[in-house]
$ cat protein28.cif   # mmCIF, C-alpha atoms
data_structure
#
loop_
_atom_site.group_PDB
_atom_site.id
_atom_site.type_symbol
_atom_site.label_atom_id
_atom_site.label_comp_id
_atom_site.auth_asym_id
_atom_site.auth_seq_id
_atom_site.Cartn_x
_atom_site.Cartn_y
_atom_site.Cartn_z
ATOM 1 C CA MET S 1 146.253 54.115 190.154
ATOM 2 C CA GLN S 2 144.591 50.705 190.640
ATOM 3 C CA GLU S 3 144.912 49.947 186.908
ATOM 4 C CA GLN S 4 148.634 50.639 187.104
ATOM 5 C CA ALA S 5 148.973 48.292 190.114
ATOM 6 C CA TRP S 6 147.895 45.179 188.177
ATOM 7 C CA LYS S 7 150.048 46.162 185.199
ATOM 8 C CA THR S 8 153.094 46.659 187.424
ATOM 9 C CA TYR S 9 152.339 43.340 189.152
ATOM 10 C CA GLU S 10 152.377 41.525 185.783
ATOM 11 C CA GLU S 11 155.640 43.191 184.762
ATOM 12 C CA VAL S 12 157.319 42.381 188.081
ATOM 13 C CA ALA S 13 156.064 38.784 187.912
ATOM 14 C CA ALA S 14 157.508 38.333 184.407
ATOM 15 C CA TYR S 15 160.817 39.864 185.506
ATOM 16 C CA LEU S 16 161.103 37.660 188.599
ATOM 17 C CA LEU S 17 160.013 34.502 186.775
ATOM 18 C CA ASN S 18 162.774 35.248 184.285
ATOM 19 C CA GLN S 19 165.290 35.428 187.166
ATOM 20 C CA PHE S 20 164.249 31.915 188.225
ATOM 21 C CA ALA S 21 163.505 30.511 184.741
ATOM 22 C CA THR S 22 165.672 27.410 185.094
ATOM 23 C CA GLN S 23 163.641 26.379 188.172
ATOM 24 C CA PHE S 24 160.615 26.110 185.862
ATOM 25 C CA GLY S 25 162.491 24.169 183.169
ATOM 26 C CA VAL S 26 162.701 27.023 180.673
ATOM 27 C CA GLY S 27 165.473 29.269 179.438
ATOM 28 C CA ARG S 28 163.640 32.557 179.806
ATOM 29 C CA PHE S 29 160.326 34.372 180.177
ATOM 30 C CA ASP S 30 159.034 37.162 177.981
ATOM 31 C CA GLY S 31 156.289 39.552 179.087
ATOM 32 C CA LYS S 32 152.734 40.155 177.887
ATOM 33 C CA GLN S 33 151.942 39.025 174.339
ATOM 34 C CA LEU S 34 149.313 37.568 172.058
ATOM 35 C CA ILE S 35 149.514 33.942 170.968
ATOM 36 C CA THR S 36 147.205 32.122 168.584
ATOM 37 C CA GLY S 37 145.634 28.832 169.573
ATOM 38 C CA ASP S 38 144.671 25.856 167.409
ATOM 39 C CA SER S 39 141.099 27.179 167.561
ATOM 40 C CA GLY S 40 142.222 30.316 165.712
ATOM 41 C CA THR S 41 141.565 32.399 168.809
ATOM 42 C CA GLN S 42 144.181 34.909 169.922
ATOM 43 C CA TRP S 43 144.989 34.804 173.620
ATOM 44 C CA GLU S 44 146.593 37.596 175.586
ATOM 45 C CA ILE S 45 148.947 36.043 178.106
ATOM 46 C CA ASP S 46 150.790 37.864 180.875
ATOM 47 C CA ALA S 47 154.093 36.107 180.162
ATOM 48 C CA LYS S 48 155.493 33.155 178.250
ATOM 49 C CA GLY S 49 158.348 30.912 179.321
ATOM 50 C CA PHE S 50 160.157 28.887 176.681
ATOM 51 C CA THR S 51 163.181 26.712 176.028
ATOM 52 C CA GLU S 52 166.084 27.814 173.849
ATOM 53 C CA GLY S 53 164.678 26.211 170.705
ATOM 54 C CA ARG S 54 161.163 27.391 171.605
ATOM 55 C CA SER S 55 159.878 23.833 171.236
ATOM 56 C CA TYR S 56 158.587 23.829 174.819
ATOM 57 C CA PHE S 57 156.691 26.722 176.355
ATOM 58 C CA ILE S 58 154.492 27.566 179.312
ATOM 59 C CA VAL S 59 151.928 30.346 179.646
ATOM 60 C CA VAL S 60 151.597 32.652 182.644
ATOM 61 C CA GLU S 61 148.483 34.236 184.135
ATOM 62 C CA CYS S 62 148.765 36.849 186.911
ATOM 63 C CA LYS S 63 145.916 37.731 189.265
ATOM 64 C CA ARG S 64 146.680 40.403 191.857
ATOM 65 C CA TYR S 65 143.817 39.371 194.151
ATOM 66 C CA SER S 66 144.874 40.221 197.705
ATOM 67 C CA ALA S 67 141.593 39.505 199.517
ATOM 68 C CA ARG S 68 140.715 36.100 198.049
ATOM 69 C CA GLY S 69 142.324 33.160 196.342
ATOM 70 C CA VAL S 70 142.181 32.549 192.609
ATOM 71 C CA ALA S 71 138.871 30.904 191.686
ATOM 72 C CA GLN S 72 138.292 27.642 189.834
ATOM 73 C CA ASP S 73 137.043 29.364 186.666
ATOM 74 C CA VAL S 74 140.281 31.358 186.339
ATOM 75 C CA ALA S 75 142.336 28.156 186.593
ATOM 76 C CA ALA S 76 140.001 26.472 184.077
ATOM 77 C CA SER S 77 140.448 29.369 181.656
ATOM 78 C CA LEU S 78 144.215 29.005 181.889
ATOM 79 C CA ALA S 79 143.892 25.231 181.456
ATOM 80 C CA TRP S 80 142.010 25.812 178.184
ATOM 81 C CA ARG S 81 144.626 28.309 176.953
ATOM 82 C CA ILE S 82 147.320 25.709 177.669
ATOM 83 C CA GLN S 83 145.424 23.112 175.643
ATOM 84 C CA ASP S 84 144.469 25.449 172.785
ATOM 85 C CA THR S 85 147.976 26.877 172.330
ATOM 86 C CA GLY S 86 149.826 23.587 172.691
ATOM 87 C CA ALA S 87 151.698 24.843 175.744
ATOM 88 C CA SER S 88 153.362 22.288 177.990
ATOM 89 C CA GLY S 89 151.912 23.844 181.131
ATOM 90 C CA GLY S 90 151.183 27.067 182.902
ATOM 91 C CA ILE S 91 151.884 29.247 185.893
ATOM 92 C CA LEU S 92 149.267 31.108 187.937
ATOM 93 C CA VAL S 93 150.757 34.010 189.908
ATOM 94 C CA SER S 94 148.825 35.612 192.777
ATOM 95 C CA PRO S 95 149.443 37.014 196.254
ATOM 96 C CA VAL S 96 147.049 34.621 198.018
ATOM 97 C CA GLY S 97 147.168 31.414 195.994
ATOM 98 C CA LEU S 98 144.460 29.126 194.688
ATOM 99 C CA GLN S 99 141.053 28.280 196.088
ATOM 100 C CA SER S 100 140.411 24.551 196.548
ATOM 101 C CA GLY S 101 138.606 24.062 193.206
ATOM 102 C CA ALA S 102 141.299 26.006 191.361
ATOM 103 C CA ARG S 103 143.947 23.801 192.973
ATOM 104 C CA LEU S 104 142.214 20.673 191.629
ATOM 105 C CA VAL S 105 142.116 22.149 188.110
ATOM 106 C CA ALA S 106 145.752 23.277 188.383
ATOM 107 C CA ASP S 107 146.938 19.847 189.468
ATOM 108 C CA LYS S 108 145.159 18.180 186.541
ATOM 109 C CA ALA S 109 146.273 20.747 183.941
ATOM 110 C CA GLY S 110 149.940 21.056 184.916
ATOM 111 C CA ILE S 111 149.609 24.582 186.315
ATOM 112 C CA ILE S 112 152.215 25.675 188.855
ATOM 113 C CA GLU S 113 151.057 27.936 191.672
ATOM 114 C CA VAL S 114 153.342 30.906 192.325
ATOM 115 C CA ARG S 115 152.720 33.372 195.117
ATOM 116 C CA LEU S 116 154.045 36.891 194.781
ATOM 117 C CA ALA S 117 153.380 39.635 197.341
ATOM 118 C CA PRO S 118 150.985 42.245 195.867
ATOM 119 C CA ASN S 119 153.291 45.274 196.103
ATOM 120 C CA SER S 120 156.451 43.533 194.980
ATOM 121 C CA THR S 121 159.054 45.295 192.874
ATOM 122 C CA ASN S 122 161.994 43.907 190.915
ATOM 123 C CA LYS S 123 164.170 44.361 194.024
ATOM 124 C CA ASP S 124 161.751 44.049 196.959
ATOM 125 C CA TYR S 125 159.658 40.902 196.814
ATOM 126 C CA VAL S 126 158.500 37.717 198.454
ATOM 127 C CA LEU S 127 158.053 34.949 195.883
ATOM 128 C CA SER S 128 157.166 31.336 196.613
ATOM 129 C CA PHE S 129 156.959 28.417 194.197
ATOM 130 C CA LEU S 130 157.811 24.712 194.044
ATOM 131 C CA ASN S 131 158.445 24.535 197.824
ATOM 132 C CA ARG S 132 160.846 27.504 197.689
ATOM 133 C CA VAL S 133 160.585 30.979 199.150
ATOM 134 C CA CYS S 134 162.680 33.737 197.607
ATOM 135 C CA VAL S 135 162.993 37.188 199.151
ATOM 136 C CA GLY S 136 164.480 40.305 197.620
ATOM 137 C CA VAL S 137 165.363 43.275 199.798
ATOM 138 C CA SER S 138 166.849 46.450 198.315
ATOM 139 C CA ASP S 139 167.457 48.058 201.679
ATOM 140 C CA ARG S 140 168.340 46.625 205.040
ATOM 141 C CA ALA S 141 166.240 43.914 206.597
ATOM 142 C CA ALA S 142 165.799 43.671 210.330
ATOM 143 C CA VAL S 143 164.765 40.758 212.470
ATOM 144 C CA THR S 144 162.766 41.802 215.515
ATOM 145 C CA ASP S 145 160.912 40.114 218.316
ATOM 146 C CA ARG S 146 157.541 41.082 216.834
ATOM 147 C CA LEU S 147 155.377 38.781 214.779
ATOM 148 C CA SER S 148 152.370 39.399 212.587
ATOM 149 C CA ALA S 149 150.302 36.779 210.828
ATOM 150 C CA ILE S 150 147.315 36.413 208.548
ATOM 151 C CA ALA S 151 145.250 33.217 208.572
ATOM 152 C CA ARG S 152 143.293 32.247 205.478
ATOM 153 C CA ASP S 153 140.795 29.478 204.836
ATOM 154 C CA GLU S 154 141.293 26.902 202.059
ATOM 155 C CA ASP S 155 139.753 29.334 199.536
ATOM 156 C CA GLY S 156 142.165 32.112 200.456
ATOM 157 C CA ASN S 157 139.726 34.275 202.431
ATOM 158 C CA VAL S 158 141.207 36.168 205.383
ATOM 159 C CA ILE S 159 139.789 34.719 208.597
ATOM 160 C CA TRP S 160 142.194 36.147 211.196
ATOM 161 C CA VAL S 161 144.875 38.829 211.485
ATOM 162 C CA GLY S 162 147.126 38.920 214.515
ATOM 163 C CA GLN S 163 150.153 40.754 215.755
ATOM 164 C CA SER S 164 152.319 40.139 218.790
ATOM 165 C CA LYS S 165 152.316 42.832 221.462
ATOM 166 C CA HIS S 166 155.746 43.668 222.652
#
$ encode --input "protein28.cif" --output "structure tokens"
Amino acid sequence: MQEQAWKTYEEVAAYLLNQFATQFGVGRFDGKQLITGDSGTQWEIDAKGFTEGRSYFIVVECKRYSARGVAQDVAASLAWRIQDTGASGGILVSPVGLQSGARLVADKAGIIEVRLAPNSTNKDYVLSFLNRVCVGVSDRAAVTDRLSAIARDEDGNVIWVGQSKH
């Protein structure tokens, strides 16, 4: 079941990125594939966004880590894949976001941070990127007078969970 969860997460991420492709400067995203780098190494990427003429592309890495942020070494690995494949940039998708070291690497390497809730589907999701928050709801949504919150430190670790009592 857990193996299926990460696979579904990657598929949903590719689908949703494709829905918002123009926001990332590409025409579309395709799902998981192998691409060959200048080093001769084949890289499995979770998705690939590209322009109409395919002259510009970005690579996507998904990490469904819900208890901690994406670590520096994961961002560095994506940075190398960007360089080796000649990509113009990358996207790191995760529920929590990037730890502080990963954020430094991402900023230097042209990696965009995208947050996607861990149990998202193609219709029910919370997706945030480039100072935008997008929400998909397949059923009815209700606004109530209750509030719940999760506080995380700069590395994405949960440090507090609270819920209003009403």
$ residues_around --input "protein28.cif" --residues "Trp80 in chain S" --least-positions-apart "3" --cutoff "12 Å" --atoms "all atoms listed in the file" --output "compact mmCIF listing (two decimals) with C-alpha atoms, keeping the file's coordinate frame"
# COMPACT_ATOMS: atom_id res chain seq x y z
CA GLY S 37 145.63 28.83 169.57
CA ASP S 38 144.67 25.86 167.41
CA SER S 39 141.10 27.18 167.56
CA THR S 41 141.56 32.40 168.81
CA TRP S 43 144.99 34.80 173.62
CA VAL S 59 151.93 30.35 179.65
CA ASP S 73 137.04 29.36 186.67
CA VAL S 74 140.28 31.36 186.34
CA ALA S 75 142.34 28.16 186.59
CA ALA S 76 140.00 26.47 184.08
CA SER S 77 140.45 29.37 181.66
CA GLN S 83 145.42 23.11 175.64
CA ASP S 84 144.47 25.45 172.78
CA THR S 85 147.98 26.88 172.33
CA GLY S 86 149.83 23.59 172.69
CA ALA S 87 151.70 24.84 175.74
CA SER S 88 153.36 22.29 177.99
CA GLY S 89 151.91 23.84 181.13
CA GLY S 90 151.18 27.07 182.90
CA VAL S 105 142.12 22.15 188.11
CA ALA S 106 145.75 23.28 188.38
CA LYS S 108 145.16 18.18 186.54
CA ALA S 109 146.27 20.75 183.94
CA GLY S 110 149.94 21.06 184.92
CA ILE S 111 149.61 24.58 186.32
$ resolve_selection --input "protein28.cif" --expression "the PyMOL selection byres ((chain S and resi 19-27) around 8)" --output "short mmCIF file (atom, residue, chain, number, x, y, z; two decimals) with C-alpha atoms, keeping the file's coordinate frame"
data_model
loop_
_atom_site.label_atom_id
_atom_site.label_comp_id
_atom_site.auth_asym_id
_atom_site.auth_seq_id
_atom_site.Cartn_x
_atom_site.Cartn_y
_atom_site.Cartn_z
CA TYR S 15 160.82 39.86 185.51
CA LEU S 16 161.10 37.66 188.60
CA LEU S 17 160.01 34.50 186.78
CA ASN S 18 162.77 35.25 184.28
CA ARG S 28 163.64 32.56 179.81
CA PHE S 29 160.33 34.37 180.18
CA GLY S 49 158.35 30.91 179.32
CA PHE S 50 160.16 28.89 176.68
CA THR S 51 163.18 26.71 176.03
CA GLU S 52 166.08 27.81 173.85
CA TYR S 56 158.59 23.83 174.82
CA PHE S 57 156.69 26.72 176.36
#
$ closest_residue --input "protein28.cif" --among "S:Ala79, S:Asp124, S:Arg115, S:Thr36" --to "Ser138 in chain S" --atoms "all atoms listed in the file"
S:Asp124
$ atom_distance --input "protein28.cif" --atom1 "CA of Gly101 in chain S" --atom2 "CA of Val135 in chain S"
28.3 Å
$ resolve_selection --input "protein28.cif" --expression "the PyMOL selection byres ((chain S and resi 113) around 7)" --output "ChimeraX atom specification"
/S:91-93,97,111-112,114-115,129
$ write_last_selection --input "protein28.cif" --atoms "C-alpha atoms" --output "PDB file, in the frame of the given file"
ATOM      1  CA  ILE S  91     151.884  29.247 185.893  1.00  0.00           C
ATOM      2  CA  LEU S  92     149.267  31.108 187.937  1.00  0.00           C
ATOM      3  CA  VAL S  93     150.757  34.010 189.908  1.00  0.00           C
ATOM      4  CA  GLY S  97     147.168  31.414 195.994  1.00  0.00           C
ATOM      5  CA  ILE S 111     149.609  24.582 186.315  1.00  0.00           C
ATOM      6  CA  ILE S 112     152.215  25.675 188.855  1.00  0.00           C
ATOM      7  CA  VAL S 114     153.342  30.906 192.325  1.00  0.00           C
ATOM      8  CA  ARG S 115     152.720  33.372 195.117  1.00  0.00           C
ATOM      9  CA  PHE S 129     156.959  28.417 194.197  1.00  0.00           C
TER      10      PHE S 129
END
$ atom_distance --input "protein28.cif" --atom1 "CA of Val96 in chain S" --atom2 "CA of Leu34 in chain S"
26.2 Å
$ closest_residue --input "protein28.cif" --among "S:Asp30, S:Thr144, S:Leu78, S:Asp107" --to "Arg54 in chain S" --atoms "only C-alpha atoms"
S:Asp30
$ resolve_selection --input "protein28.cif" --expression "the PyMOL selection byres ((chain S and resi 63) around 8)" --output "list in words"
Trp6, Glu61, Cys62, Arg64, Tyr65, Val70, Leu92, Val93, Ser94 and Pro95 of chain S
$ write_last_selection --input "protein28.cif" --atoms "C-alpha atoms" --output "PDB file, keeping the file's coordinate frame"
ATOM      1  CA  TRP S   6     147.895  45.179 188.177  1.00  0.00           C
ATOM      2  CA  GLU S  61     148.483  34.236 184.135  1.00  0.00           C
ATOM      3  CA  CYS S  62     148.765  36.849 186.911  1.00  0.00           C
ATOM      4  CA  ARG S  64     146.680  40.403 191.857  1.00  0.00           C
ATOM      5  CA  TYR S  65     143.817  39.371 194.151  1.00  0.00           C
ATOM      6  CA  VAL S  70     142.181  32.549 192.609  1.00  0.00           C
ATOM      7  CA  LEU S  92     149.267  31.108 187.937  1.00  0.00           C
ATOM      8  CA  VAL S  93     150.757  34.010 189.908  1.00  0.00           C
ATOM      9  CA  SER S  94     148.825  35.612 192.777  1.00  0.00           C
ATOM     10  CA  PRO S  95     149.443  37.014 196.254  1.00  0.00           C
TER      11      PRO S  95
END
$ residues_around --input "protein28.cif" --residues "Ala117 in chain S" --least-positions-apart "4" --cutoff "7 Å" --atoms "all atoms listed in the file" --output "PyMOL selection string"
chain S and resi 95+125-127
$ atom_distance --input "protein28.cif" --atom1 "CA of Ala47 in chain S" --atom2 "CA of Arg81 in chain S"
12.7 Å
$ axis_aligned_box --input "protein28.cif" --around "range 99-111 of chain S" --padding-each-side "5 Å" --output "lines of an AutoDock Vina configuration file"
center_x = 144.3
center_y = 23.2
center_z = 190.2
size_x = 21.3
size_y = 20.1
size_z = 22.6
